[in-house]
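Q: So that you have it, the file is data-v8.txt, and it contains compact mmCIF, C-alpha atoms:
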```
# COMPACT_ATOMS: atom_id res chain seq x y z
CA MET A 475 91.36 71.83 60.24
CA GLY A 476 93.74 74.70 60.82
CA THR A 477 94.83 77.56 63.06
CA ILE A 478 93.68 81.17 63.17
CA THR A 479 96.13 83.59 64.76
CA LEU A 480 95.91 87.29 65.58
CA THR A 481 99.20 89.07 66.22
CA GLY A 482 100.17 92.64 66.93
CA THR A 483 102.84 94.89 68.35
CA SER A 484 102.00 97.30 71.13
CA PRO A 485 103.87 100.61 71.54
CA LEU A 486 104.32 99.48 75.14
CA THR A 487 106.67 96.77 76.34
CA SER A 488 106.83 94.54 79.39
CA THR A 489 109.03 97.21 80.97
CA ASP A 490 106.21 99.75 80.60
CA SER A 491 103.39 97.51 81.78
CA ALA A 492 103.07 94.15 83.47
CA PHE A 493 100.17 93.45 81.11
CA CYS A 494 102.34 93.52 77.96
CA PRO A 495 104.51 90.68 76.59
CA VAL A 496 108.27 91.06 76.19
CA GLY A 497 109.03 93.43 73.32
CA GLY A 498 105.38 94.36 72.98
CA ASN A 499 104.76 91.40 70.62
CA ALA A 500 101.43 89.81 71.44
CA SER A 501 99.36 87.07 69.84
CA ASP A 502 96.31 84.91 70.38
CA SER A 503 95.19 81.94 68.36
CA ILE A 504 92.82 78.99 68.11
CA THR A 505 93.51 75.62 66.55
CA PHE A 506 90.61 73.46 65.42
CA THR A 507 90.40 70.03 63.90
CA ALA A 508 87.80 68.15 61.92
CA GLY A 509 84.72 67.68 64.02
CA SER A 510 85.68 70.38 66.55
CA PRO A 511 82.94 72.77 67.66
CA PHE A 512 83.82 75.61 65.31
CA GLY A 513 80.92 75.89 62.94
CA THR A 514 79.94 78.53 60.44
CA ASN A 515 78.16 80.70 62.98
CA ASP A 516 80.56 80.21 65.91
CA THR A 517 82.56 83.16 67.24
CA ARG A 518 85.91 83.41 68.91
CA ARG A 519 87.13 86.52 70.77
CA PHE A 520 90.84 87.28 70.45
CA ALA A 521 92.87 89.42 72.88
CA LEU A 522 96.40 90.78 72.68
CA SER A 523 96.86 91.15 76.43
CA THR A 524 95.40 89.76 79.62
CA ASP A 525 93.33 92.87 80.24
CA SER A 526 92.07 93.51 76.65
CA SER A 527 93.51 97.05 76.46
CA ASN A 528 96.57 96.66 74.24
CA CYS A 529 98.84 96.02 77.22
CA GLY A 530 97.74 99.26 78.88
CA GLY A 531 96.38 97.94 82.16
CA PHE A 532 93.26 100.08 81.69
CA ASN A 533 90.66 97.68 83.02
CA ALA A 534 92.38 95.28 85.37
CA PRO A 535 93.45 95.88 88.96
CA GLN A 536 97.20 96.04 89.48
CA ILE A 537 98.62 94.71 92.73
CA LEU A 538 101.51 96.59 94.34
CA ASN A 539 103.61 95.07 97.11
CA LEU A 540 104.21 97.89 99.59
CA THR A 541 107.35 98.58 101.61
CA ALA A 542 107.61 101.49 104.03
CA GLY A 543 109.73 104.29 102.57
CA GLN A 544 109.84 102.78 99.07
CA LEU A 545 108.02 103.92 95.92
CA SER A 546 105.58 101.59 94.14
CA THR A 547 104.05 102.40 90.74
CA ALA A 548 100.99 101.20 88.83
CA LYS A 549 101.04 102.08 85.11
CA PHE A 550 98.11 102.34 82.73
CA GLY A 551 99.11 103.56 79.29
CA LYS A 552 101.23 106.71 79.58
CA ASP A 553 99.67 107.46 82.95
CA ASP A 554 100.58 106.12 86.37
CA TYR A 555 99.80 106.10 90.09
CA GLN A 556 102.77 106.27 92.45
CA ILE A 557 102.57 105.66 96.17
CA MET A 558 105.18 105.79 98.94
CA PRO A 559 103.90 104.52 102.29
CA LEU A 560 105.29 105.91 105.52
CA ASN A 561 104.30 103.10 107.86
CA SER A 562 103.01 100.13 105.87
CA ALA A 563 103.23 96.69 107.46
CA THR A 564 104.93 93.57 106.14
CA GLY A 565 102.53 91.93 103.69
CA ASP A 566 100.57 95.07 102.79
CA THR A 567 99.49 95.00 99.13
CA LEU A 568 97.63 97.72 97.25
CA SER A 569 95.09 97.12 94.49
CA VAL A 570 94.86 99.94 91.90
CA LEU A 571 91.96 99.84 89.42
CA PRO A 572 91.36 102.64 86.87
CA VAL A 573 87.62 103.26 86.39
CA PRO A 574 86.83 105.38 83.28
CA VAL A 575 83.95 107.86 83.55
CA PRO A 576 82.59 110.39 81.03
CA ALA A 577 84.11 113.82 81.72
CA GLY A 578 81.90 116.25 83.54
CA PRO A 579 80.04 118.12 84.67
CA LEU A 580 78.59 119.69 81.55
CA GLY A 581 77.91 123.38 81.02
CA LEU A 582 79.48 124.91 84.12
CA ASP A 583 78.64 128.59 84.62
CA GLY A 584 81.46 130.86 83.50
CA TRP A 585 83.15 128.01 81.69
CA GLY A 586 81.00 127.45 78.68
CA THR A 587 77.96 125.31 77.93
CA GLY A 588 78.91 121.91 76.58
CA LYS A 589 82.59 122.27 77.42
CA PHE A 590 82.83 118.49 77.64
CA GLY A 591 80.24 118.04 74.92
CA SER A 592 76.51 117.48 75.29
CA GLU A 593 74.16 114.56 75.56
CA THR A 594 70.52 114.29 74.59
CA PRO A 595 67.87 113.34 75.26
CA VAL A 596 68.89 111.48 78.44
CA PHE A 597 71.59 112.63 80.86
CA SER A 598 73.98 109.80 81.72
CA PRO A 599 74.10 108.93 85.44
CA LEU A 600 77.69 107.81 84.90
CA ARG A 601 78.94 111.29 83.99
CA PHE A 602 81.41 112.61 86.54
CA SER A 603 80.15 114.73 89.41
CA ALA A 604 82.17 115.57 92.50
CA GLY A 605 79.03 116.19 94.52
CA THR A 606 78.27 119.15 96.76
CA ASN A 607 80.75 118.77 99.62
CA PHE A 608 83.10 121.41 98.19
CA ALA A 609 80.51 124.14 97.58
CA PRO A 610 80.73 126.85 96.40
CA THR A 611 83.44 125.28 94.21
CA THR A 612 82.14 122.86 91.57
CA TYR A 613 85.06 120.68 90.54
CA ALA A 614 85.38 119.08 87.11
CA CYS A 615 87.44 115.96 86.48
CA VAL A 616 90.60 115.96 84.34
CA PRO A 617 90.13 113.93 81.11
CA TYR A 618 93.09 111.67 80.27
CA ALA A 619 94.35 111.57 76.67
CA ASP A 620 94.88 107.79 76.76
CA PHE A 621 91.25 107.17 77.66
CA SER A 622 89.65 109.83 75.41
CA ALA A 623 88.88 109.93 71.70
CA ASN A 624 91.82 111.74 70.10
CA VAL A 625 89.65 114.05 67.99
CA ALA A 626 88.11 117.47 68.41
CA ASN A 627 84.64 117.32 70.00
CA GLY A 628 85.36 113.70 70.82
CA ASN A 629 84.58 111.76 73.95
CA PRO A 630 86.66 113.11 76.87
CA VAL A 631 87.04 110.46 79.58
CA CYS A 632 88.29 110.90 83.14
CA VAL A 633 89.77 108.22 85.36
CA GLU A 634 88.70 107.46 88.92
CA LEU A 635 91.10 105.22 90.82
CA GLN A 636 89.67 102.52 93.06
CA ILE A 637 92.25 101.81 95.77
CA SER A 638 92.17 99.08 98.39
CA CYS A 639 94.84 97.69 100.69
CA THR A 640 95.02 94.13 102.03
CA ASN A 641 97.58 92.48 104.26
CA THR A 642 98.49 89.06 102.90
CA VAL A 643 99.84 87.91 106.28
CA THR A 644 96.70 88.62 108.31
CA ALA A 645 94.25 88.39 105.35
CA THR A 646 92.63 91.60 106.59
CA ALA A 647 92.43 95.21 105.44
CA CYS A 648 95.44 97.42 106.09
CA SER A 649 95.46 99.63 109.17
CA ASP A 650 93.45 102.87 109.09
CA ALA A 651 96.62 104.56 110.40
CA PHE A 652 98.40 103.73 107.13
CA LEU A 653 100.02 107.01 105.92
CA TYR A 654 101.37 107.73 102.44
CA THR A 655 102.25 110.23 99.75
CA VAL A 656 100.94 109.74 96.22
CA GLN A 657 101.54 111.15 92.76
CA ASN A 658 99.44 110.88 89.61
CA ASP A 659 101.21 111.35 86.28
CA PHE A 660 98.78 111.91 83.43
CA ASN A 661 98.40 113.42 79.98
CA ILE A 662 95.51 115.85 79.68
CA ASP A 663 93.18 115.42 76.72
CA ALA A 664 94.31 118.46 74.71
CA ASN A 665 91.19 118.37 72.53
CA SER A 666 88.93 119.19 75.46
CA LEU A 667 91.36 121.24 77.59
CA PRO A 668 93.95 122.78 75.23
CA GLY A 669 94.85 125.48 77.77
CA GLY A 670 95.48 123.13 80.69
CA VAL A 671 93.82 123.35 84.11
CA GLY A 672 93.79 125.60 87.17
CA GLY A 673 92.70 125.08 90.76
CA PRO A 674 93.92 121.45 90.82
CA ALA A 675 92.52 119.01 93.35
CA PHE A 676 92.99 115.37 94.34
CA LEU A 677 89.52 114.33 95.48
CA GLY A 678 88.69 111.17 97.39
CA HIS A 679 86.06 109.28 99.37
CA HIS A 680 86.83 106.49 101.83
CA LEU A 681 84.95 103.18 101.99
CA ILE A 682 83.34 103.78 98.59
CA ASP A 683 83.83 102.03 95.24
CA CYS A 684 84.27 104.00 92.05
CA PRO A 685 82.53 105.67 90.31
CA ASP A 686 81.50 108.09 93.06
CA THR A 687 79.39 111.25 93.19
CA ALA A 688 79.99 112.36 96.79
CA PHE A 689 83.71 113.05 97.14
CA ASP A 690 84.51 114.59 100.53
CA LEU A 691 88.33 114.63 100.77
CA ASN A 692 90.96 116.73 99.02
CA ILE A 693 94.53 115.55 99.61
CA PHE A 694 96.13 117.83 97.02
CA THR A 695 99.62 119.12 97.87
CA SER A 696 101.14 120.29 94.56
CA TYR A 697 100.71 120.33 90.79
CA THR A 698 103.28 121.12 88.08
CA ALA A 699 102.31 121.85 84.48
CA PRO A 700 105.31 120.93 82.31
CA SER A 701 103.08 120.62 79.23
CA VAL A 702 99.39 120.56 78.51
CA THR A 703 99.65 117.13 76.94
CA PHE A 704 102.59 115.36 78.51
CA GLY A 705 103.18 114.13 82.03
CA ASP A 706 101.38 116.49 84.39
CA PRO A 707 102.30 115.35 87.93
CA LEU A 708 99.77 115.96 90.69
CA LYS A 709 100.81 115.10 94.25
CA GLY A 710 98.93 114.42 97.45
CA GLY A 711 99.21 112.83 100.84
CA GLY A 712 96.64 110.86 102.79
CA SER A 713 95.77 108.01 105.08
CA GLY A 714 93.60 104.90 105.08
CA THR A 715 91.96 102.73 102.41
CA PRO A 716 89.78 101.51 100.67
CA SER A 717 88.81 104.60 98.74
CA CYS A 718 88.03 106.19 95.37
CA TRP A 719 90.22 109.02 94.02
CA VAL A 720 90.16 111.36 91.03
CA THR A 721 92.27 114.24 89.71
CA ALA A 722 90.09 117.31 89.35
CA PHE A 723 90.25 121.08 88.82
CA ASP A 724 88.30 124.28 89.35
CA PRO A 725 87.02 125.42 85.91
CA ASN A 726 86.81 129.02 87.12
CA ALA A 727 90.46 129.18 88.20
CA THR A 728 93.25 130.47 85.96
CA ALA A 729 95.12 127.64 84.25
CA VAL A 730 98.59 126.81 85.58
CA THR A 731 101.09 127.70 82.87
CA THR A 732 103.87 125.44 81.66
CA GLY A 733 106.78 125.22 84.07
CA ASN A 734 104.86 126.60 87.05
CA THR A 735 103.85 124.81 90.25
CA VAL A 736 100.95 125.50 92.61
CA SER A 737 100.83 124.06 96.12
CA SER A 738 98.49 123.82 99.09
CA PHE A 739 100.62 123.01 102.14
CA THR A 740 104.12 124.49 102.20
CA GLY A 741 106.34 123.77 105.17
CA PHE A 742 107.88 123.45 107.51
CA THR A 743 109.62 126.65 106.46
CA GLY A 744 113.27 127.15 107.36
CA LEU A 745 113.96 123.58 108.47
CA LEU A 746 116.38 121.01 107.11
CA ALA A 747 114.69 118.78 104.55
CA PRO A 748 114.87 114.97 104.70
CA PRO A 749 117.05 113.00 105.05
CA SER A 750 118.58 115.55 107.45
CA PHE A 751 117.41 115.80 111.06
CA ASN A 752 116.31 118.94 112.87
CA ARG A 753 117.55 118.97 116.49
CA VAL A 754 114.97 119.59 119.22
CA ASN A 755 115.56 120.20 122.92
CA VAL A 756 113.21 118.15 125.12
CA GLY A 757 111.01 120.54 127.08
CA SER A 758 111.65 123.56 124.84
CA ALA A 759 109.23 125.11 122.33
CA PHE A 760 110.11 124.51 118.67
CA PRO A 761 108.32 126.63 115.98
CA LEU A 762 106.93 124.86 112.90
CA ASN A 763 105.99 127.42 110.23
CA PHE A 764 103.75 126.55 107.28
CA THR A 765 101.25 128.01 104.82
CA PHE A 766 97.84 126.65 103.87
CA PRO A 767 95.04 128.03 101.64
CA THR A 768 92.37 127.79 104.35
CA ALA A 769 92.13 130.57 106.94
CA GLY A 770 90.97 130.06 110.51
CA LEU A 771 92.47 126.63 111.24
CA HIS A 772 91.72 125.25 114.70
CA LEU A 773 94.13 122.98 116.57
CA CYS A 774 92.87 119.41 116.95
CA SER A 775 94.37 117.72 120.01
CA THR A 776 93.90 114.14 118.77
CA VAL A 777 95.56 112.07 116.03
CA ASN A 778 94.30 109.43 113.58
CA ASN A 779 91.07 111.37 113.18
CA SER A 780 88.44 110.01 110.81
CA GLY A 781 87.45 112.14 107.82
CA SER A 782 86.66 115.74 108.70
CA SER A 783 85.80 114.93 112.34
CA CYS A 784 88.30 115.75 115.11
CA THR A 785 87.98 113.24 117.94
CA GLY A 786 89.28 115.93 120.28
CA GLY A 787 86.31 118.17 119.47
CA ALA A 788 87.82 120.92 117.30
CA SER A 789 85.45 122.18 114.61
CA PRO A 790 86.50 122.29 110.93
CA PRO A 791 88.69 123.59 109.52
CA TRP A 792 91.30 122.04 111.79
CA VAL A 793 94.82 120.64 111.78
CA ALA A 794 96.26 117.96 114.05
CA PHE A 795 99.95 117.36 114.77
CA GLY A 796 101.47 114.08 115.86
CA THR A 797 104.80 112.26 115.92
CA LEU A 798 105.80 108.77 114.87
CA SER A 799 109.03 107.21 116.13
CA ILE A 800 111.47 106.29 113.37
CA THR A 801 114.78 104.48 113.27
CA CYS A 802 117.43 107.19 113.19
CA THR A 803 119.62 105.33 110.69
CA THR A 804 117.02 104.13 108.17
CA LYS A 805 114.28 106.74 108.80
CA VAL A 806 111.77 103.88 108.66
CA VAL A 807 108.63 103.84 110.78
CA SER A 808 107.76 100.51 112.33
CA ALA A 809 104.21 99.42 111.53
CA THR A 810 103.69 98.76 115.24
CA GLN A 811 104.44 102.37 116.19
CA THR A 812 101.52 104.46 117.45
CA GLU A 813 101.25 108.11 116.54
CA GLN A 814 101.44 110.43 119.57
CA SER A 815 99.74 113.83 119.70
CA ALA A 816 102.11 116.79 119.62
CA ALA A 817 99.41 119.21 120.81
CA ALA A 818 99.79 118.45 124.53
CA GLY A 819 101.33 120.69 127.17
CA GLY A 820 102.22 124.19 126.05
CA SER A 821 101.90 123.57 122.31
CA ASN A 822 99.70 126.01 120.42
CA LEU A 823 98.76 127.19 116.93
CA GLN A 824 99.16 130.82 115.81
CA THR A 825 98.00 132.68 112.71
CA ILE A 826 100.89 134.82 111.47
CA SER A 827 99.39 136.49 108.37
CA THR A 828 96.50 136.07 105.95
CA THR A 829 95.95 136.89 102.29
CA PRO A 830 92.89 136.07 100.14
CA SER A 831 94.57 132.89 98.89
CA LEU A 832 97.03 131.84 101.61
CA THR A 833 97.43 131.91 105.39
CA SER A 834 100.70 131.59 107.29
CA TYR A 835 100.63 129.60 110.53
CA ARG A 836 103.04 128.68 113.31
CA PHE A 837 102.65 125.59 115.44
CA ASN A 838 104.69 125.99 118.61
CA TRP A 839 105.60 122.40 119.42
CA LYS A 840 106.60 121.86 123.03
CA THR A 841 107.52 118.46 124.44
CA SER A 842 107.28 117.69 128.13
CA LYS A 843 110.07 116.56 130.44
CA THR A 844 107.68 115.25 133.09
CA SER A 845 104.70 113.67 131.29
CA THR A 846 103.84 110.03 131.95
CA THR A 847 101.45 109.36 129.04
CA PRO A 848 103.29 109.38 126.77
CA PRO A 849 106.65 109.48 128.54
CA PRO A 850 109.15 112.23 127.68
CA PRO A 851 111.18 111.72 124.50
CA THR A 852 114.51 109.99 124.98
CA PRO A 853 117.53 112.13 124.01
CA GLY A 854 118.98 110.80 120.77
CA SER A 855 115.66 109.31 119.60
CA CYS A 856 114.11 110.34 116.28
CA VAL A 857 110.58 111.11 115.05
CA VAL A 858 108.73 112.30 111.97
CA MET A 859 106.13 115.04 112.41
CA VAL A 860 102.70 114.31 110.88
CA ALA A 861 100.17 117.06 110.11
CA GLN A 862 96.59 115.97 109.37
CA PHE A 863 94.03 118.45 108.02
CA SER A 864 90.23 118.25 108.11
CA SER A 865 90.28 118.37 104.28
CA GLY A 866 91.79 114.86 104.29
CA LEU A 867 95.33 115.96 103.49
CA THR A 868 98.09 114.36 105.57
CA VAL A 869 101.74 115.45 105.27
CA PHE A 870 104.94 114.46 107.04
CA PRO A 871 107.61 116.78 105.66
CA ASP A 872 110.47 116.72 108.21
CA TYR A 873 112.52 114.53 110.57
CA PHE A 874 113.51 115.49 114.12
CA GLN A 875 116.02 114.20 116.66
CA PHE A 876 115.81 114.99 120.37
CA LYS A 877 118.84 116.17 122.29
```
As structure tokens, how would this structure be written, given the file I've shared?

A:
Amino acid sequence: MGTITLTGTSPLTSTDSAFCPVGGNASDSITFTAGSPFGTNDTRRFALSTDSSNCGGFNAPQILNLTAGQLSTAKFGKDDYQIMPLNSATGDTLSVLPVPVPAGPLGLDGWGTGKFGSETPVFSPLRFSAGTNFAPTTYACVPYADFSANVANGNPVCVELQISCTNTVTATACSDAFLYTVQNDFNIDANSLPGGVGGPAFLGHHLIDCPDTAFDLNIFTSYTAPSVTFGDPLKGGGSGTPSCWVTAFDPNATAVTTGNTVSSFTGFTGLLAPPSFNRVNVGSAFPLNFTFPTAGLHLCSTVNNSGSSCTGGASPPWVAFGTLSITCTTKVVSATQTEQSAAAGGSNLQTISTTPSLTSYRFNWKTSKTSTTPPPPTPGSCVVMVAQFSSGLTVFPDYFQFK
């Protein structure tokens, strides 16, 4: 007869993680009496949190209730995944599951053989590989400190994020037209990457569970390196779920130094940033200036395109522009709103200048006063401009009001 109890205090609290008890004080116990099935050779497994990771949320899906225009966060250890939907519907919920994978690939040319260690005699099929869709660049994954052995020449581990969205009202998957911005906050494993990373990427693959070896999307927008080992935020913007995502980098690129930020899309230059509105005359051309690393973008005339394919026929690399109606007071997009192409009429895309790493573009957006499908914008109405790239990136940086 008696009770066996295991207790412990986590450095995390219930405020840090939904998987941790109040104050970080956790316990598990078993009470047995005479004649109970607890013999000499019996075993009992104790756990200090519901997901067996010291309240970290490392191996259990976290469910986020989504609201358009509001930030939702899933935390796992010191790392997190933040998402702000643009046009989620009532009842949309997001499942976020961290999937650890051994860091890789090993021995990249120009980077050093065995940079992430070595394995013999059999190569693990679980080791990270981004696949070949980004050739000639071979991306490596970013190992997270919380998931890696905190020793030199340890076991660096990366984290792929399995994301799926379900609507609890309709009991179906969320709309493919679901748009969002995301941010990953993570601590790099300083033992394997003491100098930080360069050429950051936010790689993904739709309709695939993690782990994945054929990533084909890159929704990276910006990365800031405040410290090699503390809170590196990487941002992106995309559309649609379910999918698998991972933070990655180009091993042959120069590491981003502390305090500096690198970006992919920058724009629209010279306009008023949200929550302010930019005034547009119906029927007049309005220039939207932006920069993007890829040269030779083609204008795609359709919206809500799937993957790297433009329904309107443009060949990659391409960019598509569309508008979503928003409430002028709240700036919220109704989930029932349909994105309208902004490439109709006299709209066109121009290349302004090109450098080896960046190209400046201008999209001359011209609305029509006489069109029937869709009808002309109503003076006083408001929209948000959406830019979708064949890389998978989707951004919606500015608000507009017609006059």

Q: Write out as a tab-separated table the residues of region 827-872 of chain A that have any atom within 8 Å of an atom of region 799-806 of chain A, one row each with the nearest atom pair and its distance in Å to one decimal, counting all atoms listed in the file, sorted by chain and then rising number.

A:
```
residue	atom	partner	partner_atom	distance
A:Ser855	CA	A:Cys802	CA	7.0
A:Cys856	CA	A:Cys802	CA	5.5
A:Val857	CA	A:Ser799	CA	4.3
A:Val858	CA	A:Ser799	CA	6.6
```

Q: Go ahead and find all residues with at least one atom no further than 7 Å from (100.3, 119.4, 109.7) in the file's coordinates, using all atoms listed in the file; report them as a count of residues only.

A: 9

Q: Please build the interface table for region 805-847 of chain A against region 739-747 of chain A with a cut-off of 12 Å, listing for each qualifying residue the nearest atom pair and the distance in Å to one decimal; count all atoms listed in the file, order rows by chain and increasing number, and write it as CSV.

A:
```
residue,atom,partner,partner_atom,distance
A:Leu832,CA,A:Phe739,CA,9.5
A:Thr833,CA,A:Phe739,CA,10.0
A:Ser834,CA,A:Thr740,CA,9.4
A:Tyr835,CA,A:Gly741,CA,9.8
A:Arg836,CA,A:Phe742,CA,9.2
A:Phe837,CA,A:Phe742,CA,9.7
A:Asn838,CA,A:Phe742,CA,11.8
```

Q: So how far away is CA of Thr547 (chain A) from CA of Asp659 (chain A), in Å?

A: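 Between CA of Asp659 (chain A) and CA of Thr547 (chain A) the gap works out to 10.4 Å.
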
Q: Fewer than 6 positions away in the same chain doesn't count, so skip those; otherwise give me all residues within 9 Å of Gln536 (chain A), counting only C-alpha atoms, as a list in words.

A: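 The filter keeps Ala492, Ala548, Lys549, Leu568, Ser569, Val570 and Leu571 of chain A.
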